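Novice: Got a structure for you, structure-v8.txt, holding compact mmCIF, C-alpha atoms.
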# COMPACT_ATOMS: atom_id res chain seq x y z
CA MET M 1 -1.67 42.83 28.84
CA LYS M 2 -2.87 40.96 25.81
CA SER M 3 0.11 39.00 24.61
CA LEU M 4 2.87 36.96 26.14
CA ASP M 5 5.45 39.38 24.77
CA GLU M 6 3.85 42.14 26.81
CA ALA M 7 3.83 39.78 29.76
CA LYS M 8 7.53 39.19 29.24
CA LYS M 9 8.24 42.92 29.54
CA CYS M 10 6.21 43.06 32.71
CA TRP M 11 7.94 39.95 34.03
CA ASN M 12 11.36 41.46 33.53
CA ALA M 13 10.55 44.78 35.19
CA ASN M 14 11.55 45.47 38.78
CA ARG M 15 13.54 42.33 39.39
CA GLU M 16 15.91 43.67 42.02
CA LEU M 17 16.18 41.41 45.03
CA LYS M 18 18.14 41.52 48.24
CA ASP M 19 21.45 39.67 48.22
CA LEU M 20 21.83 36.47 50.15
CA PRO M 21 24.66 37.10 52.63
CA GLU M 22 27.29 34.41 53.16
CA ASN M 23 26.23 33.86 56.75
CA ALA M 24 22.62 33.27 55.60
CA LEU M 25 23.90 30.71 53.10
CA ARG M 26 25.89 28.97 55.84
CA GLU M 27 22.80 28.91 58.05
CA ILE M 28 20.72 27.39 55.24
CA VAL M 29 23.39 24.76 54.57
CA ARG M 30 23.69 23.96 58.30
CA GLN M 31 19.91 23.54 58.65
CA ARG M 32 19.63 21.43 55.49
CA VAL M 33 22.49 19.15 56.48
CA ARG M 34 20.77 18.60 59.83
CA LYS M 35 17.45 17.90 58.10
CA GLU M 36 19.09 15.53 55.63
CA LYS M 37 20.77 13.61 58.44
CA LYS M 38 17.43 13.36 60.25
CA VAL M 39 15.68 12.00 57.15
CA LEU M 40 18.47 9.48 56.55
CA PHE M 41 18.45 8.42 60.19
CA GLU M 42 14.67 7.89 60.11
CA TYR M 43 14.97 5.97 56.85
CA PHE M 44 17.77 3.88 58.31
CA TRP M 45 15.71 2.90 61.34
CA ALA M 46 12.51 2.33 59.38
CA SER M 47 14.36 0.06 56.95
CA TYR M 48 16.63 -1.83 59.25
CA PHE M 49 14.64 -2.23 62.44
CA TRP M 50 12.49 -5.10 61.10
CA GLN M 51 15.48 -6.81 59.54
CA PHE M 52 17.43 -6.41 62.77
CA ILE M 53 14.59 -8.11 64.69
CA ILE M 54 14.55 -10.97 62.17
CA TYR M 55 18.30 -11.59 62.46
CA VAL M 56 18.26 -11.39 66.26
CA ALA M 57 15.24 -13.71 66.53
CA MET M 58 16.73 -16.23 64.08
CA THR M 59 20.07 -16.25 65.86
CA ARG M 60 18.38 -16.65 69.23
CA LEU M 61 16.30 -19.58 67.95
CA ILE M 62 19.34 -21.26 66.40
CA ILE M 63 21.17 -21.05 69.72
CA LEU M 64 18.11 -22.06 71.73
CA PHE M 65 17.18 -25.04 69.55
CA TRP M 66 20.63 -26.15 68.45
CA GLY M 67 20.25 -29.86 67.73
CA ASP M 68 16.65 -29.57 66.56
CA TRP M 69 17.62 -29.46 62.89
CA ARG M 70 14.13 -28.70 61.66
CA VAL M 71 14.02 -25.39 63.59
CA VAL M 72 17.67 -24.59 62.93
CA SER M 73 17.36 -25.14 59.16
CA ILE M 74 14.20 -23.00 58.95
CA CYS M 75 16.05 -20.22 60.77
CA PHE M 76 19.01 -20.50 58.41
CA VAL M 77 16.66 -20.33 55.43
CA GLY M 78 15.08 -17.21 56.99
CA ILE M 79 18.50 -15.57 57.37
CA LEU M 80 19.57 -16.54 53.86
CA ILE M 81 16.40 -15.06 52.39
CA TYR M 82 16.88 -11.75 54.19
CA VAL M 83 20.60 -11.34 53.35
CA PRO M 84 20.10 -10.18 49.72
CA PHE M 85 17.34 -7.84 50.84
CA THR M 86 19.61 -6.27 53.46
CA THR M 87 22.40 -5.98 50.89
CA ILE M 88 20.13 -4.14 48.47
CA PHE M 89 18.94 -1.89 51.29
CA ILE M 90 22.54 -1.03 52.19
CA LYS M 91 23.19 -0.13 48.54
CA LYS M 92 20.05 1.97 48.40
CA PHE M 93 20.92 3.67 51.67
CA THR M 94 24.42 4.49 50.43
CA TRP M 95 22.91 5.89 47.23
CA MET M 96 20.44 7.98 49.20
CA ALA M 97 23.16 9.30 51.50
CA GLY M 98 25.25 10.42 48.57
CA LYS M 99 22.65 11.60 46.08
CA THR M 100 21.90 15.15 45.08
CA ASN M 101 18.24 16.01 44.53
CA GLY M 102 19.09 18.96 42.35
CA SER M 103 20.75 17.06 39.55
CA SER M 104 22.24 19.14 36.78
CA GLN M 105 20.96 16.69 34.13
CA SER M 106 17.99 17.83 32.08
CA LEU M 107 14.55 17.50 33.69
CA TYR M 108 13.76 14.55 31.43
CA SER M 109 17.01 12.65 32.12
CA ASN M 110 16.75 13.25 35.84
CA LEU M 111 13.13 12.10 35.99
CA LYS M 112 13.99 8.99 33.96
CA VAL M 113 16.86 8.12 36.31
CA GLN M 114 14.58 8.57 39.33
CA TRP M 115 11.84 6.47 37.71
CA ASP M 116 14.24 3.69 36.66
CA LYS M 117 15.88 3.45 40.08
CA MET M 118 12.59 3.46 41.92
CA ASN M 119 11.04 0.96 39.52
CA ASP M 120 14.06 -1.38 39.74
CA PHE M 121 13.83 -1.40 43.50
CA PHE M 122 10.05 -1.85 43.39
CA VAL M 123 10.35 -4.86 41.05
CA PHE M 124 12.95 -6.37 43.38
CA LYS M 125 10.79 -5.62 46.44
CA LYS M 126 7.68 -7.18 44.86
CA ARG M 127 9.63 -10.36 44.11
CA PHE M 128 11.02 -10.38 47.61
CA ASP M 129 7.54 -9.82 49.08
CA TRP M 130 6.19 -12.91 47.31
CA LEU M 131 8.85 -15.01 48.98
CA GLY M 132 9.60 -12.97 52.09
CA ILE M 133 6.07 -12.58 53.41
CA PRO M 134 5.11 -16.28 53.57
CA VAL M 135 8.54 -17.21 54.95
CA SER M 136 8.56 -14.37 57.52
CA CYS M 137 5.06 -15.31 58.65
CA PHE M 138 6.00 -18.97 58.85
CA ILE M 139 9.02 -18.14 60.99
CA LEU M 140 6.97 -15.77 63.13
CA THR M 141 4.36 -18.48 63.74
CA LEU M 142 7.08 -20.98 64.51
CA ILE M 143 8.69 -18.63 67.06
CA ILE M 144 5.38 -17.87 68.77
CA PHE M 145 4.40 -21.53 69.10
CA LYS M 146 7.89 -22.80 69.92
CA LEU M 147 8.54 -20.22 72.64
CA TRP M 148 5.16 -19.50 74.16
CA VAL M 149 2.72 -22.34 73.36
CA PRO M 150 3.24 -25.59 75.29
CA GLY M 151 3.45 -28.49 72.84
CA GLY M 152 4.47 -26.23 69.98
CA TRP M 153 2.71 -26.00 66.62
CA GLU M 154 2.83 -29.79 66.22
CA GLU M 155 0.09 -30.13 68.83
CA HIS M 156 -1.89 -27.09 67.66
CA VAL M 157 -1.88 -27.35 63.89
CA ALA M 158 -5.22 -25.55 63.40
CA GLY M 159 -4.22 -22.75 65.81
CA ALA M 160 -0.84 -22.39 64.11
CA LEU M 161 -2.53 -22.23 60.71
CA ILE M 162 -4.91 -19.49 61.90
CA VAL M 163 -2.01 -17.46 63.34
CA TYR M 164 -0.07 -18.00 60.11
CA LEU M 165 -2.97 -16.85 57.93
CA PHE M 166 -3.64 -13.89 60.21
CA ALA M 167 0.04 -12.87 60.02
CA ILE M 168 -0.04 -13.19 56.21
CA ALA M 169 -3.15 -11.00 56.02
CA ALA M 170 -1.57 -8.35 58.28
CA PHE M 171 1.72 -8.38 56.36
CA LEU M 172 -0.04 -8.25 53.01
CA THR M 173 -2.23 -5.31 54.05
CA ALA M 174 0.80 -3.38 55.33
CA THR M 175 2.80 -4.22 52.19
CA VAL M 176 0.03 -3.23 49.80
CA MET M 177 -0.39 0.10 51.60
CA GLU M 178 3.37 0.70 51.71
CA ASN M 179 3.78 -0.16 48.04
CA LYS M 180 0.94 2.14 47.06
CA LYS M 181 2.26 5.12 49.06
CA LYS M 182 5.98 4.70 48.49
CA PHE M 183 6.14 3.22 45.01
CA LYS M 184 2.96 3.03 42.94
CA GLU M 185 1.78 6.62 43.42
CA PRO M 186 5.22 8.25 43.05
CA LEU M 187 5.96 6.08 40.01
CA TYR M 188 2.62 7.01 38.48
CA LYS M 189 3.22 10.74 39.05
CA LEU M 190 6.75 10.53 37.68
CA GLY M 191 5.48 8.51 34.73
CA LEU M 192 2.90 11.17 33.85
CA ILE M 193 5.54 13.92 33.74
CA ILE M 194 7.91 11.72 31.75
CA LYS M 195 5.15 10.86 29.25
CA GLU M 196 4.31 14.55 28.92
CA ILE M 197 7.91 15.30 27.98
CA GLU M 198 8.19 12.23 25.73
CA ARG M 199 5.13 13.27 23.77
CA GLY M 200 7.19 16.20 22.62
CA GLN M 201 10.37 14.41 21.65
CA MET P 202 33.80 23.69 49.07
CA ASP P 203 36.69 25.96 50.08
CA SER P 204 36.08 29.55 51.16
CA GLU P 205 37.24 31.02 47.86
CA GLN P 206 34.90 28.75 45.91
CA GLU P 207 32.10 29.56 48.35
CA ALA P 208 32.62 33.29 47.90
CA GLN P 209 32.47 32.82 44.13
CA PHE P 210 29.32 30.74 44.51
CA VAL P 211 27.63 33.40 46.69
CA LYS P 212 28.60 36.09 44.18
CA GLU P 213 27.11 34.17 41.24
CA LEU P 214 24.10 33.07 43.27
CA ASN P 215 23.31 36.65 44.24
CA GLN P 216 23.32 37.69 40.61
CA HIS P 217 20.59 35.15 39.92
CA THR P 218 18.64 34.75 43.19
CA GLY P 219 15.50 35.84 41.37
CA ILE P 220 15.55 32.55 39.44
CA ILE P 221 14.96 30.58 42.63
CA HIS P 222 12.27 32.97 43.84
CA ARG P 223 10.39 32.76 40.58
CA VAL P 224 10.63 28.96 40.38
CA CYS P 225 9.23 28.72 43.92
CA ARG P 226 6.56 31.27 43.16
CA ILE P 227 5.35 29.48 40.06
CA TYR P 228 5.13 26.04 41.67
CA PHE P 229 4.12 26.59 45.29
CA ASN P 230 1.14 28.28 46.78
CA ASP P 231 1.98 28.08 50.44
CA PRO P 232 4.56 30.69 51.59
CA VAL P 233 6.04 28.22 54.09
CA ASP P 234 6.50 25.62 51.33
CA ARG P 235 8.01 28.30 49.12
CA GLN P 236 10.48 29.31 51.80
CA ASP P 237 11.37 25.68 52.44
CA VAL P 238 11.86 24.86 48.76
CA PHE P 239 13.88 28.08 48.32
CA GLN P 240 16.27 26.87 51.01
CA GLU P 241 16.36 23.36 49.53
CA ILE P 242 17.26 24.76 46.10
CA VAL P 243 20.02 26.94 47.57
CA TYR P 244 21.34 23.90 49.43
CA GLN P 245 21.25 21.67 46.33
CA LEU P 246 23.01 24.40 44.32
CA TRP P 247 25.65 24.69 47.03
CA LYS P 248 26.10 20.90 47.02
CA SER P 249 26.31 20.66 43.22
CA TYR P 250 28.46 23.76 42.66
CA PRO P 251 31.82 21.94 42.87
CA SER P 252 30.71 19.75 39.94
CA PHE P 253 29.66 22.77 37.85
CA LYS P 254 32.31 22.92 35.15
CA GLY P 255 31.06 26.01 33.39
CA GLU P 256 30.03 24.08 30.27
CA SER P 257 26.74 25.96 30.29
CA LYS P 258 25.86 29.41 31.60
CA PHE P 259 25.62 29.63 35.38
CA SER P 260 21.97 30.67 35.04
CA THR P 261 21.13 27.67 32.80
CA TRP P 262 22.74 25.32 35.30
CA MET P 263 20.84 27.08 38.07
CA TYR P 264 17.46 26.65 36.31
CA THR P 265 18.20 22.95 35.83
CA VAL P 266 19.11 22.34 39.46
CA ALA P 267 16.23 24.51 40.71
CA LEU P 268 13.63 22.77 38.55
CA ASN P 269 14.96 19.28 39.32
CA THR P 270 14.86 20.07 43.03
CA THR P 271 11.34 21.46 42.71
CA PHE P 272 10.06 18.40 40.82
CA SER P 273 11.74 16.17 43.37
CA GLN P 274 10.11 18.06 46.25
CA ILE P 275 6.68 17.95 44.61
CA ARG P 276 6.96 14.19 44.17
CA LYS P 277 8.43 13.39 47.56
CA GLU P 278 6.48 15.47 49.95
CA GLU P 279 3.20 15.98 48.14
CA ARG P 280 3.41 19.68 48.73
CA SER P 281 0.54 21.93 47.86
CA VAL P 282 1.43 22.69 44.28
CA GLN P 283 -0.05 25.99 43.33
CA GLN P 284 -3.70 25.49 42.54
CA GLU P 285 -5.00 29.00 42.76
CA PRO P 286 -3.77 32.52 42.06
CA LEU P 287 -1.21 33.94 44.42
CA TYR P 288 -2.97 37.19 45.13
CA ASP P 289 -2.44 37.09 48.87
CA HIS P 290 1.29 36.47 48.75
CA LEU P 291 2.24 38.35 45.64
CA SER P 292 4.26 41.12 47.24
CA GLU P 293 6.15 38.78 49.50
CA ILE P 294 8.99 37.74 47.24
CA THR P 295 9.57 40.22 44.48
CA PRO P 296 9.10 43.88 45.23
CA TYR P 297 6.78 44.92 42.41
CA GLN P 298 6.14 48.48 43.45
CA GLN P 299 3.82 49.76 40.74
CA SER P 300 0.25 48.69 41.19
CA ASP P 301 -0.26 48.26 37.43
CA THR P 302 2.65 45.89 37.23
CA GLU P 303 1.38 44.07 40.28
CA GLU P 304 -2.06 43.68 38.76
CA GLN P 305 -0.59 42.43 35.51
CA MET P 306 1.61 40.00 37.36
CA LYS P 307 -1.42 38.67 39.19
CA LEU P 308 -3.11 37.98 35.88
CA LEU P 309 0.00 36.41 34.44
CA TYR P 310 0.54 34.10 37.43
CA SER P 311 -3.11 33.18 37.39
CA ALA P 312 -2.82 32.19 33.72
CA ILE P 313 0.45 30.28 34.21
CA ASN P 314 -1.19 28.45 37.05
CA THR P 315 -3.49 26.63 34.64
CA LEU P 316 -0.51 24.95 32.91
CA SER P 317 1.01 21.53 33.58
CA LEU P 318 4.26 21.15 35.56
CA VAL P 319 6.37 20.83 32.41
CA ASP P 320 4.64 23.68 30.58
CA LYS P 321 5.16 25.90 33.62
CA ALA P 322 8.89 25.19 33.39
CA ILE P 323 8.90 25.99 29.65
CA VAL P 324 7.03 29.26 30.04
CA LEU P 325 9.19 30.29 33.00
CA LEU P 326 12.34 29.73 30.95
CA TYR P 327 10.80 31.63 28.04
CA LEU P 328 9.81 34.60 30.20
CA GLU P 329 13.31 34.62 31.67
CA ASP P 330 14.71 35.26 28.19
CA ASN P 331 16.28 31.86 27.66
CA SER P 332 16.88 30.76 24.07
CA TYR P 333 15.12 27.70 22.64
CA GLU P 334 18.43 25.82 22.86
CA GLU P 335 18.70 26.63 26.56
CA ILE P 336 15.07 25.64 27.22
CA ALA P 337 15.72 22.37 25.36
CA ALA P 338 18.88 21.74 27.40
CA VAL P 339 17.12 22.33 30.72
CA THR P 340 13.99 20.33 29.95
CA GLY P 341 15.37 17.56 27.76
CA LEU P 342 12.95 18.39 24.93
CA THR P 343 14.10 18.91 21.39
CA LYS P 344 14.48 22.49 20.15
CA THR P 345 11.70 21.94 17.60
CA ASN P 346 9.40 20.67 20.24
CA VAL P 347 10.15 23.61 22.53
CA SER P 348 9.09 25.90 19.73
CA VAL P 349 5.91 23.91 18.99
CA ARG P 350 4.99 23.76 22.64
CA LEU P 351 5.65 27.44 23.17
CA VAL P 352 3.25 28.30 20.38
CA ARG P 353 0.58 26.20 22.09
CA ILE P 354 1.37 27.62 25.54
CA LYS P 355 1.39 31.21 24.23
CA ARG P 356 -1.99 30.68 22.61
CA LYS P 357 -3.42 29.23 25.80
CA LEU P 358 -1.98 31.98 28.01
CA GLU P 359 -2.97 34.79 25.69
CA GLU P 360 -6.50 33.49 25.54
CA LYS P 361 -6.59 33.38 29.31
CA LEU P 362 -5.07 36.87 29.63
CA LYS P 363 -7.61 38.32 27.19
CA ASN P 364 -10.51 36.73 29.02
CA ASP P 365 -9.29 38.06 32.36
How does this structure look as structure tokens?
Specialist:
Amino acid sequence: MKSLDEAKKCWNANRELKDLPENALREIVRQRVRKEKKVLFEYFWASYFWQFIIYVAMTRLIILFWGDWRVVSICFVGILIYVPFTTIFIKKFTWMAGKTNGSSQSLYSNLKVQWDKMNDFFVFKKRFDWLGIPVSCFILTLIIFKLWVPGGWEEHVAGALIVYLFAIAAFLTATVMENKKKFKEPLYKLGLIIKEIERGQ
Amino acid sequence: MDSEQEAQFVKELNQHTGIIHRVCRIYFNDPVDRQDVFQEIVYQLWKSYPSFKGESKFSTWMYTVALNTTFSQIRKEERSVQQEPLYDHLSEITPYQQSDTEEQMKLLYSAINTLSLVDKAIVLLYLEDNSYEEIAAVTGLTKTNVSVRLVRIKRKLEEKLKND
């Protein structure tokens, strides 16, 4: 076989395959639906669990320290900051639940849509992280010192600052790793394929 | 999808099942991955079938969905995209009975394996007898560019086939 035309002849020889019976199709669909539900459920919990904890903790603190306006206002700020993030997550979740991976758009259009959606969310997430991480860590420190340290953070400013900085470092490390795995690398890979197609347009 | 539509889908799918097998075979090395992606493609086709309006050929639509699903799987799950020839698993999917054909197919797959993801899609569509217009529609490239790229791909593959 010296040319691609010869290869084409070879490629098109002996192509008979067994049929896929209807019951096999139903079994595939049943298994895939189950798998899809599992993935969505895992995504749901991974995304919402932290936010759920934040809302519960904030509400509990508001009730517990009602009258102490400094604590109550910080908690309200915390809730207000997380509301848009939760809203976006709900939208993203709804999109994920309804989307079809095997789009019938061209490869290029489909990859562009995927890249744009992922990039939009990543830009939003990065902005949120800049605000959300310091505020979340501040609230976390406040909760720890208000609930479990006698005298609160007012009497242990240095300790509170260390806990705050430690929390920031932990959150930042987790965020950087998450962003790299879930956004930067996939965006880079998608970008390479898109560029390859664009070079030829 | 109602039962009548499903029966029609199965009928059309069975006329073109080879498309899915060959897409899986070109992109995935691991037989388990291939089986999994095969099922995912069938599922995505089943899901998208009600929106298929017949504006293109069923096979063209099928290539598009199959390739989009494959690219999506490669990105999402970091599967082991084929890195080496498929000698060990060659007879598993398509029943190439003659040893000469089998040997030639080994060489061909080995050569295709050196191409990029997009070029693999282009050469697959070419080998499957799709017109330049159809290849352009599936990939999103212009017809002129498909032709330019195919010249380059052909040269690269032929060089590889001669050397092997």
Novice: Show which residues sit within 9 Å of Phe272 (chain P), as a PDB file with C-alpha atoms, in the frame of the given file. Count only C-alpha atoms, and ignore same-chain residues fewer than 3 positions away.
Specialist:
ATOM      1  CA  LEU M 107      14.550  17.500  33.690  1.00  0.00           C
ATOM      2  CA  LEU M 111      13.130  12.100  35.990  1.00  0.00           C
TER       3      LEU M 111
ATOM      4  CA  ALA P 267      16.230  24.510  40.710  1.00  0.00           C
ATOM      5  CA  LEU P 268      13.630  22.770  38.550  1.00  0.00           C
ATOM      6  CA  ASN P 269      14.960  19.280  39.320  1.00  0.00           C
ATOM      7  CA  ILE P 275       6.680  17.950  44.610  1.00  0.00           C
ATOM      8  CA  ARG P 276       6.960  14.190  44.170  1.00  0.00           C
ATOM      9  CA  LYS P 277       8.430  13.390  47.560  1.00  0.00           C
ATOM     10  CA  LEU P 318       4.260  21.150  35.560  1.00  0.00           C
TER      11      LEU P 318
END
Novice: Between CA of Arg350 (chain P) and CA of Val243 (chain P), what distance in Å does the model show, to one decimal?
Specialist: 29.3 Å
Novice: I'd like the contact shell of region 144-148 of chain M - 12 Å cut-off, all atoms listed in the file, skipping same-chain residues fewer than 5 positions apart - returned as a list in words.
Specialist: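 The residues that qualify are Ala57, Arg60, Leu61, Leu64, Phe65, Asp68, Arg70, Val71, Cys137, Phe138, Ile139, Trp153, Glu154, Glu155, His156, Val157, Ala158, Gly159, Ala160, Leu161, Ile162, Val163, Tyr164 and Ala167 of chain M.
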Novice: Point out the residue among P:Ser348, P:Thr261, P:Thr270, P:Ser311 with the least atom-to-atom distance to chain M, counting all atoms listed in the file.
Specialist: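 Looking only at the distances to chain M, the closest residue turns out to be P:Thr270.
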Novice: Which residues, written as a list in words, have at least one atom at most 8 Å from Thr218 (chain P), with all atoms listed in the file counted and residues fewer than 4 positions away on the same chain left out?
Specialist: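 Near neighbours after the sequence-gap exclusion: Leu17, Asp19 and Leu20 of chain M; Leu214 and His222 of chain P.
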Novice: Identify the residues around (13.8, -4.7, 52.4) within a radius of 9 Å, measuring from only C-alpha atoms in the coordinates stated by the file, and give them as a list in words.
Specialist: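 Residues found, by chain and rising number: Ser47, Tyr48, Trp50, Gln51, Tyr82, Pro84, Phe85, Thr86, Thr87, Ile88, Phe89, Lys125, Phe128 and Asp129 of chain M.
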Novice: Between M:Gln114, M:Ser106, M:Thr141, M:Gln31, which has the minimum distance to chain P (counting all atoms listed in the file)?
Specialist: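 Counting all atoms listed in the file, the residue closest to chain P is M:Ser106.
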Novice: Given the choices M:Asn23, M:Asn179, M:Asn119, M:Ser104, which gets closest to chain P if the distance is worked out from only C-alpha atoms?
Specialist: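 Going through M:Asn23, M:Asn179, M:Asn119, M:Ser104 one by one, the smallest distance to chain P is for M:Ser104.
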Novice: Could you please determine the separation between CA of Ser273 (chain P) and CA of Arg235 (chain P) in Å, to one decimal place?
Specialist: 13.9 Å
Novice: To one decimal in Å, tell me the separation between CA of Asp237 (chain P) and CA of Arg223 (chain P).
Specialist: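 If I compute the distance from CA of Asp237 (chain P) to CA of Arg223 (chain P), I get 13.8 Å.
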Novice: Nearest residue to chain M out of P:Val266, P:Val349, P:Ile220, P:Ile313, using only C-alpha atoms?
Specialist: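 Looking at the shortest contact to chain M, the residue is P:Val266.
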Novice: For Ala322 (chain P), which residue among P:Gln216, P:Ile354, P:Tyr250, P:Thr343 is the nearest when counting all atoms listed in the file?
Specialist: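 Among P:Gln216, P:Ile354, P:Tyr250, P:Thr343, it is P:Ile354 that comes nearest to Ala322 (chain P).
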Novice: Could you model N, CA and C atoms for region 151-164 of chain M and present them as an mmCIF file, in the frame of the given file?
Specialist:
data_model
loop_
_atom_site.group_PDB
_atom_site.id
_atom_site.type_symbol
_atom_site.label_atom_id
_atom_site.label_comp_id
_atom_site.auth_asym_id
_atom_site.auth_seq_id
_atom_site.Cartn_x
_atom_site.Cartn_y
_atom_site.Cartn_z
ATOM 1 N N GLY M 151 3.751 -27.472 73.850
ATOM 2 C CA GLY M 151 3.450 -28.490 72.840
ATOM 3 C C GLY M 151 3.811 -28.045 71.432
ATOM 4 N N GLY M 152 4.044 -26.753 71.289
ATOM 5 C CA GLY M 152 4.470 -26.230 69.980
ATOM 6 C C GLY M 152 3.384 -26.330 68.925
ATOM 7 N N TRP M 153 3.722 -25.987 67.683
ATOM 8 C CA TRP M 153 2.710 -26.000 66.620
ATOM 9 C C TRP M 153 2.276 -27.406 66.245
ATOM 10 N N GLU M 154 3.162 -28.403 66.573
ATOM 11 C CA GLU M 154 2.830 -29.790 66.220
ATOM 12 C C GLU M 154 1.535 -30.234 66.885
ATOM 13 N N GLU M 155 1.297 -29.732 68.102
ATOM 14 C CA GLU M 155 0.090 -30.130 68.830
ATOM 15 C C GLU M 155 -1.079 -29.167 68.594
ATOM 16 N N HIS M 156 -0.818 -28.082 67.911
ATOM 17 C CA HIS M 156 -1.890 -27.090 67.660
ATOM 18 C C HIS M 156 -1.849 -26.651 66.190
ATOM 19 N N VAL M 157 -2.010 -27.626 65.324
ATOM 20 C CA VAL M 157 -1.880 -27.350 63.890
ATOM 21 C C VAL M 157 -2.909 -26.308 63.414
ATOM 22 N N ALA M 158 -4.159 -26.485 63.836
ATOM 23 C CA ALA M 158 -5.220 -25.550 63.400
ATOM 24 C C ALA M 158 -4.925 -24.138 63.909
ATOM 25 N N GLY M 159 -4.538 -24.059 65.205
ATOM 26 C CA GLY M 159 -4.220 -22.750 65.810
ATOM 27 C C GLY M 159 -3.058 -22.081 65.083
ATOM 28 N N ALA M 160 -2.029 -22.911 64.796
ATOM 29 C CA ALA M 160 -0.840 -22.390 64.110
ATOM 30 C C ALA M 160 -1.221 -21.877 62.712
ATOM 31 N N LEU M 161 -2.095 -22.629 62.042
ATOM 32 C CA LEU M 161 -2.530 -22.230 60.710
ATOM 33 C C LEU M 161 -3.293 -20.906 60.744
ATOM 34 N N ILE M 162 -4.141 -20.745 61.770
ATOM 35 C CA ILE M 162 -4.910 -19.490 61.900
ATOM 36 C C ILE M 162 -3.943 -18.313 62.144
ATOM 37 N N VAL M 163 -2.985 -18.522 63.059
ATOM 38 C CA VAL M 163 -2.010 -17.460 63.340
ATOM 39 C C VAL M 163 -1.219 -17.125 62.073
ATOM 40 N N TYR M 164 -0.831 -18.176 61.339
ATOM 41 C CA TYR M 164 -0.070 -18.000 60.110
ATOM 42 C C TYR M 164 -0.867 -17.172 59.086
#
